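**Q** Please read through the structure below; I'll follow up with questions.
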Amino acid sequence: MPGKIRFDSDEMEMEDSLDSVTVEKKKHKKHKKEKKSKNEEKPKKKKQAAEEEQPDDECDPPTPKKKKKNRETSNGESGKKERPQETNGSISNGTPLMKSPQASEESNAESDIEKEKEIIPELTPEQKEGAFSNFRISKETINLLKGRGVTYLFDIQSRTFNSVYDGKDVVAQARTGTGKTFSFAIPLIEKLQSDPVERKKGRSPKVLVLTPTRELAIQVSRDFKDVTRKLSVACFYGGTAYNGQFDSMRNGIDVLVGTPGRIKDHLQNNKLDLSKVRHVVLDEVDQMLDMGFAEQVEEILGASYKKDSEDNPQTLLFSATCPHWVYDVAKKYMRPKYEQVDLIGKKTQKAATTVEHLAVSCHWSQRAAVIGDVVRVYSGSHGRTIVFCETKKEANELAMNASIKQDTQCLHGDIPQKQREVTLKGFRNGSFEVLVATNVAARGLDIPEVDLVVQCSPPKDVESYIHRSGRTGRAGRPGVCICFFQRREEEQLRFVEQRAGITFRRVGVPTATDIIKASSKDAVRFLDSVPATAIEYFRVAAEKLVEERGGVEALAAALAHISGATAIEQRSLLNSDAGYVTMTCTCSVEMHNIGYAWKALKEQLGEEVDQKVQRMNFLKGKTGVCFDVPADCVKEYQEKWSDSRRWQLSVAAELPEREAVMREGGSSFGRKPFGGGRGGGRGFNRNDRFNNNHRGQKRSFGRAFNY
């Protein structure tokens with residue numbers, strides 16, 4: 001018994017020891033498996049990384065033996081001893097090396113740089129020449145210029161920078177919108193800021209800039225302030241209180257911009273000291289001397305200039321147009337050796353090259369309605385338009401005319417200065433779309449993104465047209481300038497073409513199709529601006545409307561209502577008369593007289609057509625005629641007419657190019673033809689049988705339409 005019991009206990013002890021051994025073995029096996037799995041994960045991860053960074057065709061997949069070697073080299077130093085020699089990015093046996101993560105990142109960075117080089121467009125010659133690094137401009141000023149969107153100096157700026165900075169007298173002429181203000185502002189600011197002289201309180205100005213209008217003075221002072229934080233810039237002009245200007249003089253001024261009238265007032269009252277002025281700028285010098293400011297300018301400059309003195313201030317003259325008499329006046333103040341920079345020349349185009357110049361024939365009684373259509377088509381409800389008038393009365397009447405549907409404000413000399421500033425600010429901010437103005441806004445004003453300029457009539461002097469059209473197409477942006485004219489102003493229009501070096505493209509008034517297309521685009525833009533929360537309130541009504549009328553018809557009606565184009569009046573392309581449509585009748589052969597066309601029209605449309613057709617004239621090359629018919633007759637004529645091999649009738653989509661411009665004398669030739677084409681086909685208007693030049697003389701048929 002005792003032995004048995006001992007055996008049992010020994011057996012139990014043996015079993016316990018065996019159990020412990022098996023447990024230890026299991027733990028050891030488990031540990032080995034975990035260690036093995038960990039060691040195997042490293043080369044797997046390494047392999048995955050290598051496969052991701054190395055294309056499949058660069059190296060073959062390694063054999064199991066190489067895997068083992070890789071594990072050894074990754075864990076111990078043996079890998080360093082067994083590592084083969086590297087030559088030119090490959091192993092000595094010719095096998096390409098696996099790229100390391102760092103090398104792959106460098107290669108990716110290099111490829112990104114190469115891609116960026118491909119994407120970045122090549123700089124233009126003007127951009128290379130105007131690079132900031134080419135000029136003596138501080139980093140602070142460069143940052144301020146970039147804040148204004150200026151990344152390089154324009155042509156006029158780069159051509160004048162060194163001369164202005166070095167203190168030379170300069171006469172500069174360049175097209176409007178090319179950045180003439182910065183041409184003198186940037187170098188003068190850099191010159192003053194580099195001067196170590198302490199700026200004391202109450203100091204006198206070192207720079208004097210004179211401008212012809214208040215609006216231009218405000219803009220020039222703003223341009224100075226935008227590119228300096230160290231200098232004090234003041235702007236003096238009439239129509240404002242004196243107290244603020246007195247405060248500026250007490251605090252000290254570095255750059256003074258102003259109009260001649262207010263500057264002269266301060267001089268006469270001994271409030272302003274100009275004896276220390278070192279730089280004088282006359283901006284838009286031709287207008288300033290031409291507007292009756294010549295005496296005031298001479299009186300102002302007399303406070304700074306001394307006769308035949310070499311110590312006189314530097315004189316800078318800038319304008320888009322510089323007549324010869326301007327140079328004669330300038331010689332009084334400029335040194336004998338002054339530099340002239342002319343980017344226009346005598347034979348080149350003086351107006352901005354980015355502006356498209358159009359001309360529309362329109363009687364003065366139809367002008368307001370046509371301007372409303374022109375603004376709608378060429379500028380839209382989201383663009384900016386400036387309409388120039390010759391008189392203040394005309395500007396007031398046009399701004400109040402209900403035919404111009406867009407929001408309109410007026411700007412001219414009789415409006416108080418404070419209101420003028422508010423109006424210009426609102427126009428810049430987009431508070432309204434159309435600004436009707438006299439020449440107050442014609443010179444120098446930099447209003448961003450003006451899409452359209454309208455001139456109600458050809459101006460009497462070409463310089464005015466150049467400056468007016470220059471309000472659009474600024475800083476390289478495209479723009480459109482449309483000049484309205486009547487037949488008696490045709491010669492003046494040609495004079496502007498010749499002197500300004502431009503060619504007007506004669507266009508008709510916007511057609512109903514043009515207006516509808518433009519109105520549709522504007523309506524779609526309005527839809528895009530509607531917030532999603534507001535749409536939900538109208539969803540039920542919209543669904544009901546679609547069920548009753550159909551989706552397309554309901555949406556079309558909504559777009560028409562939004563655009564305001566519910567009632568569009570047809571107009572003649574030839575003279576803008578309301579209620580008429582311009583048609584063309586082309587011929588396969590050249591016509592020797594216009595009676596041939598009358599005969600063809602009467603054969604198909606009937607004898608009464610001569611009572612409907614007006615303003616008939618030859619097309620260019622005499623291969624047809626164009627004429628106006630009442631809008632309610634167009635459909636009838638199209639149904640009656642049948643095109644033949646010789647004659648084709650159609651509605652003109654744009655102003656036809658005519659053989660000769662008709663003369664306006666109350667009614668144009670071709671209306672109600674005398675004799676109706678019978679008996680030789682006389683085609684002149686009964687009302688035009690006698691005219692001012694040839695009173696009492698009947699014209700032969702061939703001469704009636706071509707002079």
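So you can find residues: chains in the structure tokens are A, B, ... in the order shown, residues in each start at 1, and ligands are numbered from 1 in order.
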Tell me which protein, DNA and RNA residues are within 8 Å of Tyr165 (chain A), counting only C-alpha atoms, leaving out same-chain ones fewer than 6 positions away, and put them as a PyMOL selection string.

**A** chain A and resi 187-188+190-191

**Q** Would you write out those residues with C-alpha atoms, as an mmCIF file, in the first residue's frame?

**A**
data_model
loop_
_atom_site.group_PDB
_atom_site.id
_atom_site.type_symbol
_atom_site.label_atom_id
_atom_site.label_comp_id
_atom_site.auth_asym_id
_atom_site.auth_seq_id
_atom_site.Cartn_x
_atom_site.Cartn_y
_atom_site.Cartn_z
ATOM 1 C CA PRO A 187 10.535 105.823 -59.373
ATOM 2 C CA LEU A 188 9.659 108.997 -57.444
ATOM 3 C CA GLU A 190 11.807 104.940 -54.516
ATOM 4 C CA LYS A 191 13.830 108.144 -54.856
#

**Q** Taking the backbone alone, and naming residues the way the document does, which bits of region 393-473 of chain A are alpha helix (DSSP H) by DSSP, as number ranges by chain?

**A** A: 393-399, 417-429, 462-469

**Q** Could the residues in this selection be written to a file with C-alpha atoms, as a PDB file, in the first residue's frame?

**A**
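Writing done, so here's out04.pdb:
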ATOM      1  CA  LYS A 393     -28.247 118.545 -70.298  1.00  0.00           C
ATOM      2  CA  GLU A 394     -27.880 115.623 -72.674  1.00  0.00           C
ATOM      3  CA  ALA A 395     -26.311 113.499 -69.917  1.00  0.00           C
ATOM      4  CA  ASN A 396     -29.171 114.244 -67.499  1.00  0.00           C
ATOM      5  CA  GLU A 397     -31.843 113.419 -70.062  1.00  0.00           C
ATOM      6  CA  LEU A 398     -30.183 110.181 -71.119  1.00  0.00           C
ATOM      7  CA  ALA A 399     -29.638 108.993 -67.536  1.00  0.00           C
ATOM      8  CA  GLN A 417     -18.013 116.996 -55.592  1.00  0.00           C
ATOM      9  CA  LYS A 418     -19.095 114.771 -52.715  1.00  0.00           C
ATOM     10  CA  GLN A 419     -21.802 113.195 -54.853  1.00  0.00           C
ATOM     11  CA  ARG A 420     -19.356 112.721 -57.724  1.00  0.00           C
ATOM     12  CA  GLU A 421     -17.026 110.767 -55.436  1.00  0.00           C
ATOM     13  CA  VAL A 422     -19.903 108.609 -54.178  1.00  0.00           C
ATOM     14  CA  THR A 423     -21.028 107.953 -57.767  1.00  0.00           C
ATOM     15  CA  LEU A 424     -17.562 106.897 -58.923  1.00  0.00           C
ATOM     16  CA  LYS A 425     -17.123 104.664 -55.881  1.00  0.00           C
ATOM     17  CA  GLY A 426     -20.473 102.994 -56.528  1.00  0.00           C
ATOM     18  CA  PHE A 427     -19.577 102.426 -60.179  1.00  0.00           C
ATOM     19  CA  ARG A 428     -16.238 100.855 -59.230  1.00  0.00           C
ATOM     20  CA  ASN A 429     -17.952  98.604 -56.683  1.00  0.00           C
ATOM     21  CA  VAL A 462      -9.772 113.392 -81.907  1.00  0.00           C
ATOM     22  CA  GLU A 463      -7.988 113.606 -78.540  1.00  0.00           C
ATOM     23  CA  SER A 464     -11.345 113.380 -76.769  1.00  0.00           C
ATOM     24  CA  TYR A 465     -12.209 110.194 -78.638  1.00  0.00           C
ATOM     25  CA  ILE A 466      -8.854 108.630 -77.733  1.00  0.00           C
ATOM     26  CA  HIS A 467      -9.259 109.376 -74.032  1.00  0.00           C
ATOM     27  CA  ARG A 468     -12.915 108.321 -73.945  1.00  0.00           C
ATOM     28  CA  SER A 469     -12.286 105.011 -75.674  1.00  0.00           C
TER      29      SER A 469
END

**Q** Find the spatial neighbours of Gln296 (chain A), counting only C-alpha atoms, within a cut-off of 9 Å - ignore same-chain residues fewer than 4 positions away - and output them as a list in words.

**A**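 Once the adjacent positions are removed, what remains is Pro260, Gly261, Lys264, Gly292, Ile300 and Leu301 of chain A.
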
**Q** Output C-alpha atoms for every residue in that selection, as a PDB file, in the first residue's frame.

**A**
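Saved file result_2.pdb follows:
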ATOM      1  CA  PRO A 260      -4.551 123.901 -60.335  1.00  0.00           C
ATOM      2  CA  GLY A 261      -7.476 125.862 -58.828  1.00  0.00           C
ATOM      3  CA  LYS A 264      -3.410 128.270 -56.424  1.00  0.00           C
ATOM      4  CA  GLY A 292      -7.726 127.334 -69.523  1.00  0.00           C
ATOM      5  CA  ILE A 300       1.974 127.681 -59.458  1.00  0.00           C
ATOM      6  CA  LEU A 301       5.241 126.678 -61.089  1.00  0.00           C
TER       7      LEU A 301
END

**Q** Take CA of Gly167 (chain A) and CA of Leu316 (chain A) and report the distance between them in Å, one decimal.

**A** 9.7 Å

**Q** Rounded to one decimal in Å, what is the spacing between CA of Val480 (chain A) and CA of Gly372 (chain A)?

**A**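 One can read the CA of Val480 (chain A) to CA of Gly372 (chain A) distance as 15.4 Å.
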
**Q** Kindly indicate which residue among A:Glu543, A:Glu607, A:Glu548, A:Asp283 lies nearest to Leu208 (chain A), using only C-alpha atoms for the distances.

**A** A:Asp283

**Q** Using CA of Thr408 (chain A) and CA of Val387 (chain A) as the two end points, give the distance in Å to one decimal.

**A** 9.9 Å

**Q** Go through A:Gly149, A:Gly252, A:Pro125, A:Pro458 and flag the residue nearest Val233 (chain A), using only C-alpha atoms for the distances.

**A** A:Gly252

**Q** Quick one: residues within 9 Å of Arg376 (chain A), only C-alpha atoms counted, chain neighbours fewer than 5 positions away excluded, as an MDAnalysis selection string?

**A** chainID A and resid 371 381 405:406 515 518:519

**Q** Using N, CA and C atoms, can you export the residues from the last selection as a tab-separated table (two decimals), in the first residue's frame?

**A**
chain	number	residue	atom	x	y	z
A	371	ILE	N	-29.28	102.60	-77.34
A	371	ILE	CA	-28.22	102.46	-76.33
A	371	ILE	C	-28.59	101.38	-75.32
A	381	SER	N	-26.07	92.57	-68.12
A	381	SER	CA	-26.52	93.15	-66.86
A	381	SER	C	-25.46	93.07	-65.77
A	405	LYS	N	-32.77	100.19	-69.54
A	405	LYS	CA	-33.32	99.38	-68.44
A	405	LYS	C	-32.33	99.18	-67.30
A	406	GLN	N	-31.04	99.31	-67.59
A	406	GLN	CA	-30.04	99.06	-66.56
A	406	GLN	C	-30.00	100.20	-65.55
A	515	ILE	N	-30.49	90.29	-78.92
A	515	ILE	CA	-31.00	90.69	-77.60
A	515	ILE	C	-31.48	89.48	-76.81
A	518	ALA	N	-28.43	87.46	-75.53
A	518	ALA	CA	-27.78	88.13	-74.40
A	518	ALA	C	-28.65	88.08	-73.15
A	519	SER	N	-29.95	88.28	-73.32
A	519	SER	CA	-30.87	88.24	-72.18
A	519	SER	C	-30.93	86.85	-71.57

**Q** Do a neighbour search on Ser379 (chain A) at 9 Å with only C-alpha atoms, toss out local chain neighbours closer than 3 positions, and write the hits as a PyMOL selection string.

**A** chain A and resi 374-376+382-385+450-452+480+518

**Q** Any chance you could export the current selection's N, CA and C atoms as a PDB file, in the first residue's frame?

**A**
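The new file out11.pdb reads:
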ATOM      1  N   VAL A 374     -27.890  98.134 -76.979  1.00  0.00           N
ATOM      2  CA  VAL A 374     -26.441  97.949 -77.145  1.00  0.00           C
ATOM      3  C   VAL A 374     -25.800  97.527 -75.826  1.00  0.00           C
ATOM      4  N   VAL A 375     -26.191  98.169 -74.737  1.00  0.00           N
ATOM      5  CA  VAL A 375     -25.647  97.808 -73.424  1.00  0.00           C
ATOM      6  C   VAL A 375     -26.012  96.375 -73.075  1.00  0.00           C
ATOM      7  N   ARG A 376     -27.250  95.987 -73.375  1.00  0.00           N
ATOM      8  CA  ARG A 376     -27.703  94.636 -73.058  1.00  0.00           C
ATOM      9  C   ARG A 376     -26.912  93.578 -73.810  1.00  0.00           C
ATOM     10  N   HIS A 382     -24.362  92.337 -66.038  1.00  0.00           N
ATOM     11  CA  HIS A 382     -23.316  92.205 -65.027  1.00  0.00           C
ATOM     12  C   HIS A 382     -22.067  93.014 -65.380  1.00  0.00           C
ATOM     13  N   GLY A 383     -22.037  93.653 -66.556  1.00  0.00           N
ATOM     14  CA  GLY A 383     -20.867  94.410 -66.970  1.00  0.00           C
ATOM     15  C   GLY A 383     -20.974  95.881 -66.614  1.00  0.00           C
ATOM     16  N   ARG A 384     -19.884  96.626 -66.905  1.00  0.00           N
ATOM     17  CA  ARG A 384     -19.863  98.068 -66.660  1.00  0.00           C
ATOM     18  C   ARG A 384     -19.796  98.802 -67.994  1.00  0.00           C
ATOM     19  N   THR A 385     -20.579  99.882 -68.096  1.00  0.00           N
ATOM     20  CA  THR A 385     -20.647 100.679 -69.316  1.00  0.00           C
ATOM     21  C   THR A 385     -20.547 102.158 -68.967  1.00  0.00           C
ATOM     22  N   VAL A 450     -14.115  97.944 -67.247  1.00  0.00           N
ATOM     23  CA  VAL A 450     -15.185  98.584 -68.016  1.00  0.00           C
ATOM     24  C   VAL A 450     -15.300  97.823 -69.329  1.00  0.00           C
ATOM     25  N   ASP A 451     -16.441  97.196 -69.562  1.00  0.00           N
ATOM     26  CA  ASP A 451     -16.608  96.332 -70.726  1.00  0.00           C
ATOM     27  C   ASP A 451     -16.939  97.119 -71.990  1.00  0.00           C
ATOM     28  N   LEU A 452     -17.651  98.228 -71.820  1.00  0.00           N
ATOM     29  CA  LEU A 452     -18.173  98.935 -72.992  1.00  0.00           C
ATOM     30  C   LEU A 452     -18.116 100.438 -72.763  1.00  0.00           C
ATOM     31  N   VAL A 480     -14.730  97.208 -75.824  1.00  0.00           N
ATOM     32  CA  VAL A 480     -15.483  97.622 -77.007  1.00  0.00           C
ATOM     33  C   VAL A 480     -15.865  99.083 -76.843  1.00  0.00           C
ATOM     34  N   ALA A 518     -28.429  87.458 -75.532  1.00  0.00           N
ATOM     35  CA  ALA A 518     -27.783  88.132 -74.404  1.00  0.00           C
ATOM     36  C   ALA A 518     -28.652  88.079 -73.154  1.00  0.00           C
TER      37      ALA A 518
END

**Q** Choose the residue, out of A:Asp226, A:Glu654, A:Asp528, A:Asp286, that has the smallest atom-to-atom separation from Val507 (chain A); count only C-alpha atoms.

**A**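 Closest to Val507 (chain A) of all the choices is A:Glu654.
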
**Q** List the spatial neighbours of Lys276 (chain A) as a short mmCIF file (atom, residue, chain, number, x, y, z; two decimals) with C-alpha atoms, in the first residue's frame - criterion: any atom at most 8 Å away, only C-alpha atoms, same-chain residues fewer than 6 positions off excluded.

**A**
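See result36.cif below for the written result:
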data_model
loop_
_atom_site.label_atom_id
_atom_site.label_comp_id
_atom_site.auth_asym_id
_atom_site.auth_seq_id
_atom_site.Cartn_x
_atom_site.Cartn_y
_atom_site.Cartn_z
CA SER A 204 6.88 121.05 -47.44
CA PRO A 205 6.14 118.67 -50.34
CA LYS A 206 8.99 117.34 -52.46
CA SER A 304 9.24 126.57 -57.55
#
